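Reading through the structure tokens given below for one structure.
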Amino acid sequence: MVHLELNKICKGFDHPVIDRLSLKVDKGEFFVIVGPSGIGKTTLLRCIAGLEKLDEGEIFIEGDNVTNVPPYNRNVAMTFESYALYPHMTVFENIANPLKALKKEDSLIRSRVYEIAELLHIDGLLERKPHEISGGQKQRTALGRTLAAHPRVFLLDEPISHLDAKIRAELRTQFHTLEALREVSTVYVTHDYAEALSLGDRIGVMGNGGLVQIGTAHEIYEKPNSLFVAQHLGQPSINSLEIDLIEEAEKPSAIAGSLKLPVDLNHWEHLKRKNITKCTLGIRPQFVKVVNGDQSSEDNSLELNGMVEVYEALGAYGVMITSVVGQKLTVLTDPEDKYDHDENIKIRIDPSTFNYFDLNNGVNLIP
Amino acid sequence: MKEISKTDYPDWFLKKRTGKNLIVSPAIPWLMVGFPVLILIAIVIYPTIWMGYHAFQNTSMMSLFNNNFEYVGWSNFYNVMTSDRMHESIYRLIQYLLFGACLEVILGTILALILYEMIKNELLRIVLLILMVMPMMLPPSIVGVLWKFLLQAYNGAINHLLINLGFLDAMERIEWLGAEFALYSITIADVWQWTALPLLIVYSGRVSLPPAIYEAARVDGAPTWMVLKRITLPMLKEIIAIAFIIRFMDAYKFVDKIYVMTSGGPGQSTELPVFIAFQKGIREVEVGEAAAYAWIIFVFAALLITLFLKYLKNVLKAQAFA
Amino acid sequence: MTESNIKLIKIILLAFLLVWIVFTLFPLYFQLITSLKPVAEINAMVPTFWPETFRPGNYLGIFADPGSLKSLMDSLIVSISNTILSLLLGTLAGYALARYLKGIVGENLAFWILSNRMFPPVAVIIPMFFLFDATPWGTDSYVSLILLYLVFNLPLATWLMMVFFRDAPRELEEASYLDGYTPLKTFFKITLPLVFPGMISVAMLCWIFAWNEYLFANLLTGTTVKTFPVHIPSFTQGSQTLWNLVMAFSMVAMIPPVGMFIILRRYMVRGLSLGVVKG
């Protein structure tokens, strides 16, 4: 059941920011919007909240057309990146504010605030003022305030980006388990792609005024519909090489400088049909593996010699940049292996994991 | 991913109008501003027009009551612009603004910074601040009267103080309110009273500067004078400018102390432009000429304000609009 | 900069401060002792720097004239009324200018309002004299002063409130809208508490200017309404000014502004930073 619907909305300031963006979010769905800084994610949230008036388009919440409804009547809640806690009120009063606006009785307000405070583990802080609590606690207070009055749509603007890793992990878990979110549609904005992948039921990648791709984490990761999406999702970033496509004796290859890579025949079908001779090749570092001597090779994979340029051990995995016949490739490595600068290694890549993008507009050439 | 270039802006963007919001209807802010503005208009524009009208007549107080005055064209303005009295008063005004308003701002700033930087004891600082601000709390007319009292040539405390301190002989007296010194005496009284305002403003500004920068400077080991020059003063630049503008605006239409201390005399040696207008209008009841005076002063004020505003606009844009 | 050089400079600066304080205090001191002297001593050829005889009775003497107390009351009425009016109108206009009227029109409007402070009082007096004369309450009334003082207090109040409102984070108001409060309720529950220290300093400044105003009061009023600066010249005996009474009365009139400043100084200092730098 569609809970929140955006229909070709447009908003611009001194230049267009959101251009004919459409989106449908179901009840109980946790939709994450991800994209580089400055692209308009916050503006999008503000439009849904009613803090900005749309230049064109419509917004529907639970079927009601709220396009011209002011924010104080929309029953939408939002957390601000800066928390926006009222400095002259205590934590209790901050969380209670939306309930007071609805003129609920004091006893109801009190029980609800306690309920939320317990849920978010801030029940000990209720008498403190915002300047007396830490960042994580401020964040949870802001969260509590948005939850208090059972809004219909829940908007979260980079709610955990300013917190340290441990608290971020904790809050992420809470987002996963919060019952309240099952009743509403949530739109969550972040610039951290790992966070997006971990939290979202569906993810929308924002770029160029709209959502360039919408899908589950898996879909977007496996099948990015453009180079833009591919480059922004996935840590470390996808390898991209400009290649020429040639066919020698029925065997298609991708040439990048002196590097020659075979092209999977399934992909070649599509590429040949579109008469592509030049494009951008994308190889995810996850699919470039370092060969340890005794590993057996799979059928389609190719082994190449490479020399280590840079190696970073990052705890759960290692990132290595290796140069292969003049081209640099980023490789994801096992945490136990260590590599030295200028070390010679062998890497294995599987052409069926390649992605091909149009040279000019970056669109994925394989549907 | 290409950015949309300016030439491909979509239609809806080219057609859109700015300033719409869902929060309040657009009429409300205009109402909120409108009411006070209307009152100001009534109090200010009405007199302006009235004076504008009479500037072209040969009105005097009598003729106002009888309603008989004649159109005399630009002759009032001509008289004003060519009168030596006016020229000299302008010259004095410049003197007064330099040695009065400017000096007050400079002194106020220096004193505020000395007070803040060098007096570390909170209580002492507050006490000194209160003491230094007291002159501002008196009516300017009283301050004028007070200084007139002190500067009396024969019975005045100042002269006798100078004698006691040895700067003057027993029989010598300085004619503070005589033709030579009168303007300076008024300026001294003014500086005495109004240095307190820039002092208060700059001090308040200094108090509210973020301590983080100073801690960083301290960690970096920067010497005090460098901190002052490179950190404090630049950050206070806007506040000092605002203090200057506030002080300047008041000084420009300054009349109280002249009225009380010297009535423009002796002779006309302490007349400032606004005072002349005042004299003409109220004392000599040459309302027409007074109106011309007022208008010329007003036009000058408008020019000056425009200049100020350009500067202030940049200042405000930088910090408030951002 | 050597150590001793720095020390020398510090001493000079402190000395400068000290000199200024002495300069500031001397006239006030003299005012105080003059207020305690008898008449004869005041008119002596050689002024005394310490009263030969103390006459604290002067302070009671000034109230022998019922006009003295009335003048203080009149000043209080006019100054408080005008302050409230200026603050009210200034807050409204300041808020509108800070939040909504940000275009070219709004900016120019704000600056026009501010510029009115520079308007020469003489230009206002003559026409307003005739205007008020034609009204039922006349020129010699509370209303005329309360309204006229708006000429210099309203621009100040508007402009300062505008600056303070600009500093109040807009996000807090937006959060309040999302909580469900209308702009009106938000203004009272959220915005005003934020600018409250600023409002106090604006009120104080306006009040001091209204309390001390002399020119308009002198020219327009004098009988029905007589503010204290206008009352002062009445301390005469024949053609001689009774300086001791004048000084005593001035000291009494100084108590309210100084007292307010002492009590409200924290707000003044915080408010007057004019929001140029965020604390």
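Residue numbering restarts at 1 for every chain of the structure tokens, chains are lettered A, B, ... in their displayed order, and ligands are numbered from 1 as they appear.
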Q: Write out as number ranges by chain which residues come within 9 Å of C:Met161 when counting only C-alpha atoms, dropping same-chain ones fewer than 2 positions away.
A: C: 87, 90-95, 98, 156-159, 163-166, 195, 198-199, 202
Distance-based interface of chain A with chain B, 9 Å, counting only C-alpha atoms, as an mmCIF file with N, CA and C atoms, in the first residue's frame:
```
data_model
loop_
_atom_site.group_PDB
_atom_site.id
_atom_site.type_symbol
_atom_site.label_atom_id
_atom_site.label_comp_id
_atom_site.auth_asym_id
_atom_site.auth_seq_id
_atom_site.Cartn_x
_atom_site.Cartn_y
_atom_site.Cartn_z
ATOM 1 N N CYS A 10 9.285 19.253 -8.562
ATOM 2 C CA CYS A 10 10.357 20.127 -9.036
ATOM 3 C C CYS A 10 10.612 21.212 -8.002
ATOM 4 N N LYS A 11 11.864 21.445 -7.747
ATOM 5 C CA LYS A 11 12.198 22.544 -6.840
ATOM 6 C C LYS A 11 13.521 23.115 -7.251
ATOM 7 N N GLY A 12 13.598 24.428 -7.334
ATOM 8 C CA GLY A 12 14.876 25.033 -7.668
ATOM 9 C C GLY A 12 15.056 26.306 -6.871
ATOM 10 N N PHE A 13 16.257 26.719 -6.681
ATOM 11 C CA PHE A 13 16.543 28.006 -6.046
ATOM 12 C C PHE A 13 17.171 28.901 -7.099
ATOM 13 N N HIS A 15 19.244 27.623 -9.061
ATOM 14 C CA HIS A 15 19.358 26.680 -10.163
ATOM 15 C C HIS A 15 18.463 25.496 -9.796
ATOM 16 N N PRO A 16 18.031 24.733 -10.755
ATOM 17 C CA PRO A 16 17.125 23.630 -10.429
ATOM 18 C C PRO A 16 17.832 22.588 -9.571
ATOM 19 N N ASP A 19 14.448 17.824 -10.135
ATOM 20 C CA ASP A 19 13.845 17.962 -11.456
ATOM 21 C C ASP A 19 12.954 16.773 -11.758
ATOM 22 N N GLY A 50 7.325 19.907 3.888
ATOM 23 C CA GLY A 50 6.509 21.099 3.719
ATOM 24 C C GLY A 50 7.238 22.382 4.051
ATOM 25 N N LEU A 51 8.527 22.273 4.347
ATOM 26 C CA LEU A 51 9.283 23.482 4.654
ATOM 27 C C LEU A 51 9.650 24.233 3.392
ATOM 28 N N GLU A 52 9.577 23.559 2.267
ATOM 29 C CA GLU A 52 9.802 24.229 0.992
ATOM 30 C C GLU A 52 8.557 24.015 0.148
ATOM 31 N N LYS A 53 8.194 25.030 -0.584
ATOM 32 C CA LYS A 53 7.031 24.868 -1.449
ATOM 33 C C LYS A 53 7.486 24.395 -2.813
ATOM 34 N N LEU A 54 6.795 23.395 -3.338
ATOM 35 C CA LEU A 54 7.188 22.836 -4.623
ATOM 36 C C LEU A 54 6.938 23.825 -5.745
ATOM 37 N N ASP A 55 7.849 23.826 -6.696
ATOM 38 C CA ASP A 55 7.595 24.644 -7.877
ATOM 39 C C ASP A 55 6.603 23.956 -8.792
ATOM 40 N N GLU A 56 6.720 22.621 -8.852
ATOM 41 C CA GLU A 56 5.771 21.840 -9.655
ATOM 42 C C GLU A 56 5.603 20.502 -8.959
ATOM 43 N N ASN A 68 -0.189 21.453 -0.844
ATOM 44 C CA ASN A 68 -0.320 22.823 -0.358
ATOM 45 C C ASN A 68 -0.599 22.904 1.131
ATOM 46 N N VAL A 69 -0.370 21.797 1.809
ATOM 47 C CA VAL A 69 -0.617 21.799 3.243
ATOM 48 C C VAL A 69 0.640 22.275 3.973
ATOM 49 N N PRO A 70 0.514 23.234 4.881
ATOM 50 C CA PRO A 70 1.705 23.702 5.595
ATOM 51 C C PRO A 70 2.247 22.632 6.529
ATOM 52 N N PRO A 71 3.523 22.731 6.870
ATOM 53 C CA PRO A 71 4.182 21.653 7.614
ATOM 54 C C PRO A 71 3.519 21.360 8.952
ATOM 55 N N TYR A 72 2.906 22.347 9.567
ATOM 56 C CA TYR A 72 2.350 22.063 10.880
ATOM 57 C C TYR A 72 1.042 21.298 10.805
ATOM 58 N N GLY A 207 20.982 11.857 -8.036
ATOM 59 C CA GLY A 207 21.955 12.565 -8.840
ATOM 60 C C GLY A 207 21.248 13.362 -9.907
ATOM 61 N N ASN A 208 21.829 14.467 -10.275
ATOM 62 C CA ASN A 208 21.328 15.213 -11.417
ATOM 63 C C ASN A 208 19.861 15.605 -11.285
ATOM 64 N N GLY A 209 19.452 15.917 -10.082
ATOM 65 C CA GLY A 209 18.092 16.414 -9.914
ATOM 66 C C GLY A 209 17.048 15.357 -9.673
ATOM 67 N N SER A 226 24.244 2.988 -14.074
ATOM 68 C CA SER A 226 25.131 3.966 -14.689
ATOM 69 C C SER A 226 26.455 3.969 -13.961
ATOM 70 N N LEU A 227 27.431 4.533 -14.584
ATOM 71 C CA LEU A 227 28.757 4.637 -13.981
ATOM 72 C C LEU A 227 28.690 5.444 -12.689
ATOM 73 N N PHE A 228 27.863 6.484 -12.711
ATOM 74 C CA PHE A 228 27.680 7.328 -11.533
ATOM 75 C C PHE A 228 27.294 6.481 -10.321
ATOM 76 N N ASN A 360 29.983 8.356 -22.933
ATOM 77 C CA ASN A 360 29.528 9.732 -22.745
ATOM 78 C C ASN A 360 28.569 9.897 -21.578
ATOM 79 N N ASN A 361 27.507 9.111 -21.568
ATOM 80 C CA ASN A 361 26.524 9.373 -20.515
ATOM 81 C C ASN A 361 26.555 8.331 -19.411
ATOM 82 N N GLY A 362 27.490 7.418 -19.464
ATOM 83 C CA GLY A 362 27.682 6.510 -18.347
ATOM 84 C C GLY A 362 26.609 5.464 -18.147
#
```
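The list of chain C residues within 12 Å of chain A is Ala168, Pro169, Arg170, Glu171, Leu172, Glu173, Glu174, Ala175, Ser176, Tyr177, Leu178, Asp179, Gly180, Tyr181, Thr182, Pro183, Leu184, Lys185, Thr186, Lys189, Ile190, Thr191, Leu192, Pro193, Leu194, Val195 and Phe196 of chain C; this uses only C-alpha atoms.
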Enumerate, in order of chain and increasing residue number, the residues of chain B with an atom no farther than 6 Å from chain C, each with its shortest atom pair and distance in Å to one decimal, counting only C-alpha atoms, as JSON lines.
```
{"residue": "B:Pro29", "atom": "CA", "partner": "C:Ala96", "partner_atom": "CA", "distance": 4.9}
{"residue": "B:Met32", "atom": "CA", "partner": "C:Leu92", "partner_atom": "CA", "distance": 5.4}
{"residue": "B:Val33", "atom": "CA", "partner": "C:Ala93", "partner_atom": "CA", "distance": 4.2}
{"residue": "B:Pro36", "atom": "CA", "partner": "C:Leu89", "partner_atom": "CA", "distance": 5.5}
{"residue": "B:Pro47", "atom": "CA", "partner": "C:Pro127", "partner_atom": "CA", "distance": 5.4}
{"residue": "B:Met137", "atom": "CA", "partner": "C:Pro257", "partner_atom": "CA", "distance": 5.8}
{"residue": "B:Pro139", "atom": "CA", "partner": "C:Asn212", "partner_atom": "CA", "distance": 4.1}
{"residue": "B:Asn155", "atom": "CA", "partner": "C:Met45", "partner_atom": "CA", "distance": 5.2}
{"residue": "B:Ala157", "atom": "CA", "partner": "C:Pro47", "partner_atom": "CA", "distance": 5.9}
{"residue": "B:Ile201", "atom": "CA", "partner": "C:Leu272", "partner_atom": "CA", "distance": 5.8}
{"residue": "B:Ser204", "atom": "CA", "partner": "C:Val269", "partner_atom": "CA", "distance": 4.5}
{"residue": "B:Gly205", "atom": "CA", "partner": "C:Ser273", "partner_atom": "CA", "distance": 4.1}
{"residue": "B:Ser208", "atom": "CA", "partner": "C:Gly279", "partner_atom": "CA", "distance": 5.2}
{"residue": "B:Leu209", "atom": "CA", "partner": "C:Gly279", "partner_atom": "CA", "distance": 5.9}
{"residue": "B:Pro210", "atom": "CA", "partner": "C:Gly279", "partner_atom": "CA", "distance": 5.1}
{"residue": "B:Met249", "atom": "CA", "partner": "C:Met118", "partner_atom": "CA", "distance": 5.1}
{"residue": "B:Lys253", "atom": "CA", "partner": "C:Pro120", "partner_atom": "CA", "distance": 5.2}
{"residue": "B:Phe278", "atom": "CA", "partner": "C:Val122", "partner_atom": "CA", "distance": 5.5}
{"residue": "B:Ala294", "atom": "CA", "partner": "C:Ala123", "partner_atom": "CA", "distance": 5.8}
```
Just to be explicit: take each residue in the selection above, keep N, CA and C atoms, and write the result as a PDB file, in the first residue's frame.
```
ATOM      1  N   PRO B  29       3.900  39.034   6.583  1.00  0.00           N
ATOM      2  CA  PRO B  29       5.111  39.817   6.867  1.00  0.00           C
ATOM      3  C   PRO B  29       4.924  41.275   6.508  1.00  0.00           C
ATOM      4  N   MET B  32       3.157  42.932   9.238  1.00  0.00           N
ATOM      5  CA  MET B  32       3.995  43.086  10.420  1.00  0.00           C
ATOM      6  C   MET B  32       4.930  44.267  10.287  1.00  0.00           C
ATOM      7  N   VAL B  33       5.447  44.429   9.116  1.00  0.00           N
ATOM      8  CA  VAL B  33       6.333  45.564   8.912  1.00  0.00           C
ATOM      9  C   VAL B  33       5.521  46.816   8.652  1.00  0.00           C
ATOM     10  N   PRO B  36       4.366  49.357  11.778  1.00  0.00           N
ATOM     11  CA  PRO B  36       5.393  50.293  12.259  1.00  0.00           C
ATOM     12  C   PRO B  36       5.833  51.274  11.188  1.00  0.00           C
ATOM     13  N   PRO B  47       6.313  65.395   8.272  1.00  0.00           N
ATOM     14  CA  PRO B  47       7.139  66.591   8.453  1.00  0.00           C
ATOM     15  C   PRO B  47       8.022  66.888   7.255  1.00  0.00           C
ATOM     16  N   MET B 137      24.423  57.586  31.035  1.00  0.00           N
ATOM     17  CA  MET B 137      23.112  57.459  31.657  1.00  0.00           C
ATOM     18  C   MET B 137      22.484  58.805  31.982  1.00  0.00           C
ATOM     19  N   PRO B 139      21.116  62.600  31.125  1.00  0.00           N
ATOM     20  CA  PRO B 139      20.575  63.283  29.953  1.00  0.00           C
ATOM     21  C   PRO B 139      21.649  64.175  29.343  1.00  0.00           C
ATOM     22  N   ASN B 155      34.357  80.797  38.489  1.00  0.00           N
ATOM     23  CA  ASN B 155      34.055  79.924  39.626  1.00  0.00           C
ATOM     24  C   ASN B 155      34.241  78.457  39.296  1.00  0.00           C
ATOM     25  N   ALA B 157      35.242  74.713  38.479  1.00  0.00           N
ATOM     26  CA  ALA B 157      36.162  73.778  39.128  1.00  0.00           C
ATOM     27  C   ALA B 157      37.348  73.446  38.239  1.00  0.00           C
ATOM     28  N   ILE B 201      29.524  48.815  23.521  1.00  0.00           N
ATOM     29  CA  ILE B 201      29.246  47.948  22.379  1.00  0.00           C
ATOM     30  C   ILE B 201      30.450  47.070  22.060  1.00  0.00           C
ATOM     31  N   SER B 204      30.971  44.457  24.764  1.00  0.00           N
ATOM     32  CA  SER B 204      30.019  43.358  24.625  1.00  0.00           C
ATOM     33  C   SER B 204      30.425  42.442  23.485  1.00  0.00           C
ATOM     34  N   GLY B 205      30.886  43.046  22.415  1.00  0.00           N
ATOM     35  CA  GLY B 205      31.305  42.222  21.293  1.00  0.00           C
ATOM     36  C   GLY B 205      32.478  41.352  21.666  1.00  0.00           C
ATOM     37  N   SER B 208      31.670  38.309  23.663  1.00  0.00           N
ATOM     38  CA  SER B 208      30.984  37.205  23.005  1.00  0.00           C
ATOM     39  C   SER B 208      31.811  36.545  21.916  1.00  0.00           C
ATOM     40  N   LEU B 209      33.077  36.912  21.775  1.00  0.00           N
ATOM     41  CA  LEU B 209      33.889  36.223  20.777  1.00  0.00           C
ATOM     42  C   LEU B 209      34.169  34.802  21.249  1.00  0.00           C
ATOM     43  N   PRO B 210      34.182  33.868  20.332  1.00  0.00           N
ATOM     44  CA  PRO B 210      34.346  32.471  20.758  1.00  0.00           C
ATOM     45  C   PRO B 210      35.713  32.216  21.363  1.00  0.00           C
ATOM     46  N   MET B 249      25.344  58.731  13.587  1.00  0.00           N
ATOM     47  CA  MET B 249      23.987  59.159  13.311  1.00  0.00           C
ATOM     48  C   MET B 249      23.481  60.103  14.400  1.00  0.00           C
ATOM     49  N   LYS B 253      22.880  64.858  14.160  1.00  0.00           N
ATOM     50  CA  LYS B 253      21.750  65.746  14.454  1.00  0.00           C
ATOM     51  C   LYS B 253      21.851  66.337  15.856  1.00  0.00           C
ATOM     52  N   PHE B 278      17.564  74.922  13.611  1.00  0.00           N
ATOM     53  CA  PHE B 278      16.767  74.998  14.816  1.00  0.00           C
ATOM     54  C   PHE B 278      16.537  76.444  15.233  1.00  0.00           C
ATOM     55  N   ALA B 294      16.765  72.495   6.867  1.00  0.00           N
ATOM     56  CA  ALA B 294      16.467  71.108   7.221  1.00  0.00           C
ATOM     57  C   ALA B 294      16.567  70.211   5.999  1.00  0.00           C
TER      58      ALA B 294
END
```
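Among the candidates B:Leu304, B:Leu183, B:Val133, B:Leu199, the one nearest to B:Arg92 when counting only C-alpha atoms is B:Leu183.
We find atom CA of A:Asn292 and atom CA of A:Ile347 to be spaced 8.9 Å apart.
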(Q) With DSSP run on the backbone, what are the alpha helix (DSSP H) residues within stretch 19-189 of chain B? I'd like them as a PyMOL selection string. (A) chain B and resi 27-40+46-54+61-66+75-82+84-96+103-118+122-137+140-150+157-164+182-189
(Q) I'd like the interatomic distance between atom CA of B:Glu289 and atom CA of C:Phe132, to a tenth of an Å. (A) 22.2 Å
Q. Can you list, as an MDAnalysis selection string, every protein, DNA or RNA residue that comes within 7 Å of A:Gln213 when you count only C-alpha atoms, leaving out same-chain residues fewer than 4 positions away?
A. chainID A and resid 204:205 225
Selection export as a JSON list (two decimals), in the first residue's frame, atoms kept: N, CA and C atoms:
```
[["chain", "number", "residue", "atom", "x", "y", "z"],
["A", 204, "GLY", "N", 17.54, 4.72, -3.03],
["A", 204, "GLY", "CA", 17.48, 5.58, -4.21],
["A", 204, "GLY", "C", 18.77, 6.34, -4.29],
["A", 205, "VAL", "N", 19.42, 6.26, -5.43],
["A", 205, "VAL", "CA", 20.64, 7.02, -5.60],
["A", 205, "VAL", "C", 20.27, 8.34, -6.25],
["A", 225, "ASN", "N", 22.89, 1.06, -12.85],
["A", 225, "ASN", "CA", 22.44, 1.41, -14.19],
["A", 225, "ASN", "C", 23.28, 2.53, -14.81]]
```
Could you name the residues that touch C:Asp74 at 12 Å or less, counting only C-alpha atoms, but leaving out those on the same chain fewer than 5 positions away, as a compact mmCIF listing (two decimals) with C-alpha atoms, in the first residue's frame?
```
# COMPACT_ATOMS: atom_id res chain seq x y z
CA GLY C 67 6.75 69.61 40.38
CA SER C 68 9.94 67.65 40.99
CA LEU C 69 8.24 64.42 41.87
CA SER C 79 9.77 56.63 28.77
CA ILE C 80 8.16 53.35 29.75
CA SER C 81 5.25 53.79 27.35
CA ASP C 140 1.54 69.35 25.78
CA SER C 141 0.54 65.76 26.37
CA TYR C 142 1.98 62.36 27.03
CA VAL C 143 0.82 61.13 23.69
CA LEU C 145 6.06 62.71 23.36
CA ILE C 146 5.41 59.00 23.35
CA ALA C 210 13.60 58.24 26.04
CA TRP C 211 14.30 58.97 29.68
CA ALA C 217 10.04 67.69 25.67
CA THR C 221 5.48 70.28 26.61
CA GLY C 222 6.03 72.11 29.84
CA THR C 223 2.89 72.42 31.84
CA THR C 224 0.59 69.44 31.68
CA VAL C 225 3.48 67.20 31.04
CA LYS C 226 6.91 68.03 32.29
CA THR C 227 9.66 65.52 32.07
CA PHE C 228 12.55 65.89 34.42
CA PRO C 229 15.08 67.43 32.01
CA VAL C 230 12.58 70.20 31.45
CA HIS C 231 12.06 70.64 35.15
```
